[in-house]
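To be precise, the following lines are coords_12.txt, and they hold compact mmCIF, C-alpha atoms.
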# COMPACT_ATOMS: atom_id res chain seq x y z
CA ALA A 463 -52.93 -72.72 -220.39
CA GLN A 464 -55.68 -75.13 -221.25
CA LYS A 465 -54.44 -78.62 -221.94
CA ILE A 466 -57.36 -79.39 -224.26
CA THR A 467 -59.31 -76.85 -226.29
CA GLN A 468 -62.53 -77.52 -228.13
CA THR A 469 -63.64 -74.36 -229.88
CA GLN A 470 -66.99 -75.53 -231.25
CA PRO A 471 -69.67 -75.36 -228.57
CA GLY A 472 -72.29 -76.66 -230.99
CA MET A 473 -72.34 -78.27 -234.41
CA PHE A 474 -75.08 -79.35 -236.78
CA VAL A 475 -74.77 -81.97 -239.49
CA GLN A 476 -77.19 -83.45 -241.98
CA GLU A 477 -77.88 -87.14 -241.58
CA LYS A 478 -75.52 -89.29 -243.71
CA GLU A 479 -73.01 -86.45 -244.04
CA ALA A 480 -69.55 -86.40 -242.46
CA VAL A 481 -68.63 -84.00 -239.67
CA THR A 482 -65.36 -82.94 -238.07
CA LEU A 483 -65.12 -81.98 -234.41
CA ASP A 484 -62.05 -79.95 -233.55
CA CYS A 485 -59.63 -80.54 -230.71
CA THR A 486 -56.27 -78.92 -230.02
CA TYR A 487 -53.98 -79.85 -227.18
CA ASP A 488 -51.05 -78.39 -225.32
CA THR A 489 -48.23 -80.48 -223.93
CA SER A 490 -44.45 -80.54 -223.92
CA ASP A 491 -44.38 -84.23 -223.12
CA PRO A 492 -43.27 -86.25 -226.17
CA SER A 493 -45.38 -89.19 -225.01
CA TYR A 494 -49.11 -88.68 -224.72
CA GLY A 495 -52.43 -90.21 -225.60
CA LEU A 496 -55.50 -88.55 -227.03
CA PHE A 497 -59.02 -89.83 -226.47
CA TRP A 498 -62.51 -89.01 -227.65
CA TYR A 499 -65.63 -89.71 -225.62
CA LYS A 500 -69.31 -89.45 -226.49
CA GLN A 501 -71.89 -88.40 -223.92
CA PRO A 502 -75.48 -88.93 -225.07
CA SER A 503 -78.38 -87.24 -223.35
CA SER A 504 -78.64 -90.22 -220.99
CA GLY A 505 -75.38 -89.03 -219.45
CA GLU A 506 -72.94 -91.91 -219.64
CA MET A 507 -69.43 -91.44 -220.98
CA ILE A 508 -68.65 -93.71 -223.92
CA PHE A 509 -65.08 -94.15 -225.13
CA LEU A 510 -64.81 -93.83 -228.91
CA ILE A 511 -61.24 -93.74 -230.13
CA TYR A 512 -57.61 -93.41 -229.04
CA GLN A 513 -54.47 -91.98 -230.68
CA GLY A 514 -50.98 -92.31 -229.26
CA SER A 515 -48.38 -89.63 -229.90
CA TYR A 516 -46.03 -92.14 -231.50
CA ASP A 517 -48.66 -93.76 -233.69
CA GLN A 518 -47.73 -93.35 -237.34
CA GLN A 519 -51.23 -93.78 -238.67
CA ASN A 520 -54.45 -92.04 -237.82
CA ALA A 521 -56.71 -94.12 -235.61
CA THR A 522 -59.97 -95.46 -236.98
CA GLU A 523 -62.87 -97.24 -235.29
CA GLY A 524 -65.79 -97.96 -237.56
CA ARG A 525 -67.32 -94.63 -238.58
CA TYR A 526 -64.94 -92.71 -236.31
CA SER A 527 -61.51 -91.58 -237.34
CA LEU A 528 -59.04 -89.29 -235.72
CA ASN A 529 -57.27 -86.71 -237.87
CA PHE A 530 -54.00 -86.43 -235.96
CA GLN A 531 -51.76 -83.51 -236.94
CA LYS A 532 -48.88 -83.62 -234.50
CA ALA A 533 -47.12 -80.45 -235.62
CA ARG A 534 -50.33 -78.49 -235.24
CA LYS A 535 -51.19 -80.27 -231.99
CA SER A 536 -54.63 -81.11 -233.24
CA ALA A 537 -56.64 -84.31 -232.91
CA ASN A 538 -59.91 -83.79 -234.71
CA LEU A 539 -62.64 -86.41 -234.63
CA VAL A 540 -64.25 -87.25 -237.95
CA ILE A 541 -67.61 -89.00 -237.95
CA SER A 542 -68.59 -90.35 -241.33
CA ALA A 543 -72.15 -91.03 -242.49
CA SER A 544 -73.75 -89.33 -239.49
CA GLN A 545 -76.71 -91.01 -237.86
CA LEU A 546 -79.43 -89.59 -235.64
CA GLY A 547 -77.94 -91.55 -232.76
CA ASP A 548 -74.72 -89.56 -233.09
CA SER A 549 -76.45 -86.54 -231.56
CA ALA A 550 -74.56 -86.08 -228.28
CA MET A 551 -71.81 -84.18 -226.51
CA TYR A 552 -68.31 -85.12 -227.59
CA PHE A 553 -65.27 -84.65 -225.38
CA CYS A 554 -61.62 -84.70 -226.31
CA ALA A 555 -59.16 -85.78 -223.60
CA MET A 556 -55.42 -86.20 -223.17
CA ARG A 557 -53.20 -88.27 -220.96
CA GLU A 558 -49.50 -87.41 -220.63
CA GLY A 559 -46.81 -90.04 -220.38
CA SER A 560 -44.72 -88.24 -217.77
CA THR A 561 -47.53 -88.40 -215.24
CA GLY A 562 -50.04 -90.73 -216.84
CA ASN A 563 -52.31 -90.41 -213.88
CA GLN A 564 -54.63 -87.67 -215.08
CA PHE A 565 -56.98 -87.26 -217.99
CA TYR A 566 -57.47 -83.68 -219.12
CA PHE A 567 -60.82 -82.98 -220.76
CA GLY A 568 -62.01 -80.25 -223.08
CA THR A 569 -65.30 -78.42 -222.63
CA GLY A 570 -67.01 -80.50 -225.27
CA THR A 571 -68.90 -80.03 -228.51
CA SER A 572 -72.62 -80.61 -228.80
CA LEU A 573 -73.43 -82.35 -232.06
CA THR A 574 -76.92 -82.38 -233.48
CA VAL A 575 -77.72 -84.60 -236.45
CA ILE A 576 -80.56 -83.23 -238.57
CA PRO A 577 -82.83 -85.70 -240.40
CA ASN B 914 -68.79 -107.24 -216.22
CA ALA B 915 -69.91 -104.50 -213.85
CA GLY B 916 -67.02 -102.11 -214.61
CA VAL B 917 -67.34 -98.95 -212.52
CA THR B 918 -70.36 -98.74 -210.25
CA GLN B 919 -71.48 -95.53 -208.60
CA THR B 920 -74.18 -95.10 -206.00
CA PRO B 921 -76.51 -93.34 -205.60
CA LYS B 922 -77.66 -92.25 -209.06
CA PHE B 923 -79.59 -89.26 -207.73
CA ARG B 924 -79.51 -87.38 -204.46
CA ILE B 925 -80.93 -84.17 -203.05
CA LEU B 926 -79.06 -82.68 -200.10
CA LYS B 927 -79.88 -79.75 -197.91
CA ILE B 928 -77.27 -77.06 -197.39
CA GLY B 929 -74.89 -78.10 -194.65
CA GLN B 930 -75.60 -81.83 -194.89
CA SER B 931 -72.89 -84.35 -195.64
CA MET B 932 -72.86 -87.46 -197.78
CA THR B 933 -70.60 -90.04 -199.35
CA LEU B 934 -70.70 -90.98 -203.01
CA GLN B 935 -69.67 -94.57 -203.43
CA CYS B 936 -67.53 -95.88 -206.29
CA THR B 937 -66.40 -99.45 -206.90
CA GLN B 938 -64.56 -100.96 -209.83
CA ASP B 939 -63.97 -104.63 -210.57
CA MET B 940 -61.27 -104.28 -213.23
CA ASN B 941 -58.34 -104.21 -210.80
CA HIS B 942 -57.36 -100.75 -212.03
CA ASN B 943 -54.79 -98.89 -210.01
CA TYR B 944 -55.94 -95.42 -211.05
CA MET B 945 -59.25 -93.98 -209.97
CA TYR B 946 -60.72 -90.51 -210.41
CA TRP B 947 -63.57 -88.31 -209.34
CA TYR B 948 -64.82 -85.66 -211.75
CA ARG B 949 -67.63 -83.17 -211.59
CA GLN B 950 -69.52 -81.94 -214.61
CA ASP B 951 -71.48 -78.72 -214.36
CA PRO B 952 -74.29 -78.06 -216.87
CA GLY B 953 -72.93 -77.51 -220.38
CA MET B 954 -69.35 -77.85 -219.20
CA GLY B 955 -66.55 -80.35 -219.39
CA LEU B 956 -65.23 -82.55 -216.64
CA LYS B 957 -63.18 -81.12 -213.82
CA LEU B 958 -60.97 -83.38 -211.74
CA ILE B 959 -61.72 -83.32 -208.02
CA TYR B 960 -59.39 -86.02 -206.67
CA TYR B 961 -57.52 -88.98 -208.02
CA SER B 962 -55.68 -92.00 -206.71
CA VAL B 963 -52.87 -94.06 -208.21
CA GLY B 964 -53.28 -96.93 -205.80
CA ALA B 965 -54.57 -98.01 -202.42
CA GLY B 966 -53.50 -95.57 -199.73
CA ILE B 967 -52.50 -92.85 -202.21
CA THR B 968 -54.70 -89.91 -203.10
CA ASP B 969 -54.04 -86.50 -204.57
CA LYS B 970 -55.92 -83.30 -205.28
CA GLY B 971 -57.14 -82.40 -208.70
CA GLU B 972 -58.32 -79.08 -210.06
CA VAL B 973 -61.32 -78.50 -207.75
CA PRO B 974 -60.79 -80.34 -204.42
CA ASN B 975 -62.27 -77.80 -202.00
CA GLY B 976 -65.27 -79.12 -200.09
CA TYR B 977 -64.47 -82.76 -200.82
CA ASN B 978 -62.47 -85.58 -199.31
CA VAL B 979 -61.53 -89.03 -200.55
CA SER B 980 -59.98 -92.21 -199.25
CA ARG B 981 -58.61 -95.30 -200.97
CA SER B 982 -58.32 -98.18 -198.57
CA THR B 983 -58.68 -100.86 -201.26
CA THR B 984 -57.97 -101.12 -204.98
CA GLU B 985 -61.69 -101.49 -205.69
CA ASP B 986 -63.23 -98.62 -203.73
CA PHE B 987 -62.81 -94.87 -203.97
CA PRO B 988 -65.54 -93.02 -202.04
CA LEU B 989 -65.99 -89.25 -202.30
CA ARG B 990 -67.11 -87.41 -199.18
CA LEU B 991 -68.94 -84.09 -199.32
CA GLU B 992 -68.79 -82.17 -196.07
CA LEU B 993 -71.15 -79.27 -195.41
CA ALA B 994 -72.87 -79.33 -198.78
CA ALA B 995 -73.24 -76.02 -200.61
CA PRO B 996 -75.36 -75.07 -203.65
CA SER B 997 -72.11 -74.70 -205.64
CA GLN B 998 -71.67 -78.46 -205.31
CA THR B 999 -74.80 -79.11 -207.36
CA SER B 1000 -73.40 -81.10 -210.25
CA VAL B 1001 -73.10 -84.48 -211.87
CA TYR B 1002 -70.29 -86.53 -210.36
CA PHE B 1003 -68.44 -89.19 -212.29
CA CYS B 1004 -66.12 -91.81 -210.95
CA ALA B 1005 -63.65 -93.37 -213.38
CA SER B 1006 -60.83 -95.87 -213.36
CA SER B 1007 -57.97 -96.81 -215.65
CA ASP B 1008 -54.84 -98.86 -216.00
CA PRO B 1009 -51.50 -97.07 -216.18
CA GLY B 1010 -51.17 -98.29 -219.76
CA GLN B 1011 -47.96 -98.51 -221.74
CA GLY B 1012 -45.63 -95.72 -220.75
CA GLY B 1013 -48.39 -94.20 -218.67
CA ILE B 1014 -50.73 -93.76 -221.62
CA GLY B 1015 -52.65 -95.90 -224.03
CA THR B 1016 -55.63 -97.05 -222.03
CA GLU B 1017 -58.84 -95.17 -221.68
CA ALA B 1018 -60.69 -94.21 -218.53
CA PHE B 1019 -63.79 -96.25 -217.76
CA PHE B 1020 -66.62 -94.24 -216.28
CA GLY B 1021 -69.44 -94.96 -213.91
CA GLN B 1022 -72.98 -93.91 -214.74
CA GLY B 1023 -72.74 -90.70 -212.75
CA THR B 1024 -74.46 -89.29 -209.68
CA ARG B 1025 -76.73 -86.30 -210.11
CA LEU B 1026 -76.50 -84.25 -206.93
CA THR B 1027 -78.66 -81.27 -206.10
CA VAL B 1028 -77.99 -79.13 -203.03
CA VAL B 1029 -80.96 -77.03 -201.92
Go ahead and express the file in the form of structure tokens.
Amino acid sequence: AQKITQTQPGMFVQEKEAVTLDCTYDTSDPSYGLFWYKQPSSGEMIFLIYQGSYDQQNATEGRYSLNFQKARKSANLVISASQLGDSAMYFCAMREGSTGNQFYFGTGTSLTVIP
Amino acid sequence: NAGVTQTPKFRILKIGQSMTLQCTQDMNHNYMYWYRQDPGMGLKLIYYSVGAGITDKGEVPNGYNVSRSTTEDFPLRLELAAPSQTSVYFCASSDPGQGGIGTEAFFGQGTRLTVV
């Protein structure tokens, strides 16, 4: 089974609107971490936000927030007030506490911000 | 801070040639990784290392070899290059973090490899 599933190959959002990128995960480990990365067209991988499985509150970093629903095993990224510079690929990733030595990545979502 | 440095940034290989992708990190991270990213796809783990002298296979190790003689360096060797190895290669490093989680992976800029 896939450890990380991102079901939206492509998304479009109007500038200044909010957008949610979906991510579901599969693990039986009670301790795990969830990560979101941004990959602009230039190719580098930029870390955005982290959520730990024991964190009581949803993580936030500026315009990024993570909608963490543990029972549903989902960790959706919410980008508020989209900007043209947000156009990029977005990857969800997971790290399990029992091993901790691997990051599992989803297939990514391509986000296009429309002026 | 340099972070994770990969060389070269671009390379064209002929079928059957060999090459080494270099990766160095200056953050004293124990964990290092090599991923490949095919067009429009996510990252697939080739090899990883949890410390000097220790390496292990990831999801797609065939056709590659690694070594980890120091904490800083984690080179990836391609033997007998094939067109299927045309991809973008990323090296990354991380700390173990609390309980094995909690710290992100830091990525190099990537190496775009074309095998013709």
Residue contacts of B:Met940 (7 Å, all atoms listed in the file) excluding same-chain residues fewer than 2 positions away, as a PyMOL selection string: chain B and resi 916+938+942
Surrounding residues of B:Thr968 excluding itself and chain neighbours under 6 positions, 10 Å, all atoms listed in the file, as number ranges by chain: B: 944-946, 960-962, 978-981, 987
Proximity to chain B - best of A:Leu546, A:Leu528, A:Cys554, A:Ala480, all atoms listed in the file: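 Distance minimum relative to chain B lands on A:Cys554.
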Cut-off 9 Å around (-73.7, -89.2, -235.7) with all atoms listed in the file: residues as a VMD selection string: chain A and resid 475 477 to 481 525 541 to 550 573 to 575
Within 10 Å of chain A: each chain B residue with its shortest pair, only C-alpha atoms, as CSV:
residue,atom,partner,partner_atom,distance
B:Asn943,CA,A:Asn563,CA,9.6
B:Tyr944,CA,A:Asn563,CA,6.8
B:Met945,CA,A:Asn563,CA,8.7
B:Tyr946,CA,A:Gln564,CA,8.2
B:Gln950,CA,A:Thr569,CA,9.7
B:Gly953,CA,A:Thr569,CA,8.0
B:Met954,CA,A:Thr569,CA,5.3
B:Gly955,CA,A:Thr569,CA,4.0
B:Leu956,CA,A:Phe567,CA,6.1
B:Lys957,CA,A:Phe567,CA,7.6
B:Leu958,CA,A:Tyr566,CA,8.2
B:Tyr960,CA,A:Gln564,CA,9.8
B:Tyr961,CA,A:Gln564,CA,7.7
B:Ser962,CA,A:Asn563,CA,8.1
B:Val963,CA,A:Asn563,CA,6.8
B:Gly971,CA,A:Gln564,CA,8.6
B:Val1001,CA,A:Gly505,CA,9.1
B:Phe1003,CA,A:Met507,CA,9.0
B:Ala1005,CA,A:Met507,CA,9.7
B:Ser1007,CA,A:Asn563,CA,8.7
B:Asp1008,CA,A:Asn563,CA,9.1
B:Pro1009,CA,A:Gly562,CA,6.5
B:Gly1010,CA,A:Gly562,CA,8.2
B:Gln1011,CA,A:Gly559,CA,8.7
B:Gly1012,CA,A:Gly559,CA,5.8
B:Gly1013,CA,A:Gly562,CA,4.3
B:Ile1014,CA,A:Gly559,CA,5.5
B:Gly1015,CA,A:Gly495,CA,5.9
B:Thr1016,CA,A:Tyr512,CA,8.1
B:Glu1017,CA,A:Phe497,CA,7.2
B:Ala1018,CA,A:Phe565,CA,7.9
B:Phe1019,CA,A:Phe509,CA,7.8
B:Phe1020,CA,A:Met507,CA,6.2
B:Gly1021,CA,A:Glu506,CA,7.4
B:Gln1022,CA,A:Glu506,CA,5.3
B:Gly1023,CA,A:Glu506,CA,7.0
B:Thr1024,CA,A:Gly505,CA,9.8
B:Arg1025,CA,A:Gly505,CA,9.8
Atom CA of A:Tyr487 to atom CA of A:Gln518, distance in Å rounded to a single decimal: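 Taking atom CA of A:Tyr487 as the start and atom CA of A:Gln518 as the end point, the length is 18.0 Å.
With only C-alpha atoms as the atoms that count, the minimum distance from B:Arg924 to the choices B:Ser1000, B:Glu985, B:Glu992, B:Gly966 is reached by B:Ser1000.
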Distance of atom CA of B:Asp986 from atom CA of B:Val917, expressed in Å to one decimal place: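 Atom CA of B:Asp986 lies 9.7 Å from atom CA of B:Val917.
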Atomic separation - atom CA of A:Asn529 relative to atom CA of A:Gly472, Å: 19.3 Å
Would you kindly return, as a PDB file with C-alpha atoms, in the frame of the given file, each protein, DNA or RNA residue with an atom no farther than 9 Å from any atom of A:Lys535, considering all atoms listed in the file and excluding same-chain residues fewer than 4 positions away?
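Output below, filename selection34.pdb:
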ATOM      1  CA  CYS A 485     -59.630 -80.540-230.710  1.00  0.00           C
ATOM      2  CA  THR A 486     -56.270 -78.920-230.020  1.00  0.00           C
ATOM      3  CA  TYR A 487     -53.980 -79.850-227.180  1.00  0.00           C
ATOM      4  CA  ASP A 488     -51.050 -78.390-225.320  1.00  0.00           C
ATOM      5  CA  THR A 489     -48.230 -80.480-223.930  1.00  0.00           C
ATOM      6  CA  PHE A 530     -54.000 -86.430-235.960  1.00  0.00           C
ATOM      7  CA  GLN A 531     -51.760 -83.510-236.940  1.00  0.00           C
TER       8      GLN A 531
END
Find the axis-aligned box for stretch 492-504 of chain A, covering all its listed atoms and adding 8 Å on each side, and write its centre and edge lengths in Å to one decimal as lines of an AutoDock Vina configuration file.
center_x = -61.0
center_y = -88.2
center_z = -224.3
size_x = 51.4
size_y = 20.0
size_z = 22.7
Selection as a list of chain:residue names: residues within 6 Å of (-64.5, -83.7, -201.7), counting only C-alpha atoms: B:Pro974, B:Gly976, B:Tyr977, B:Asn978, B:Leu989, B:Arg990, B:Leu991
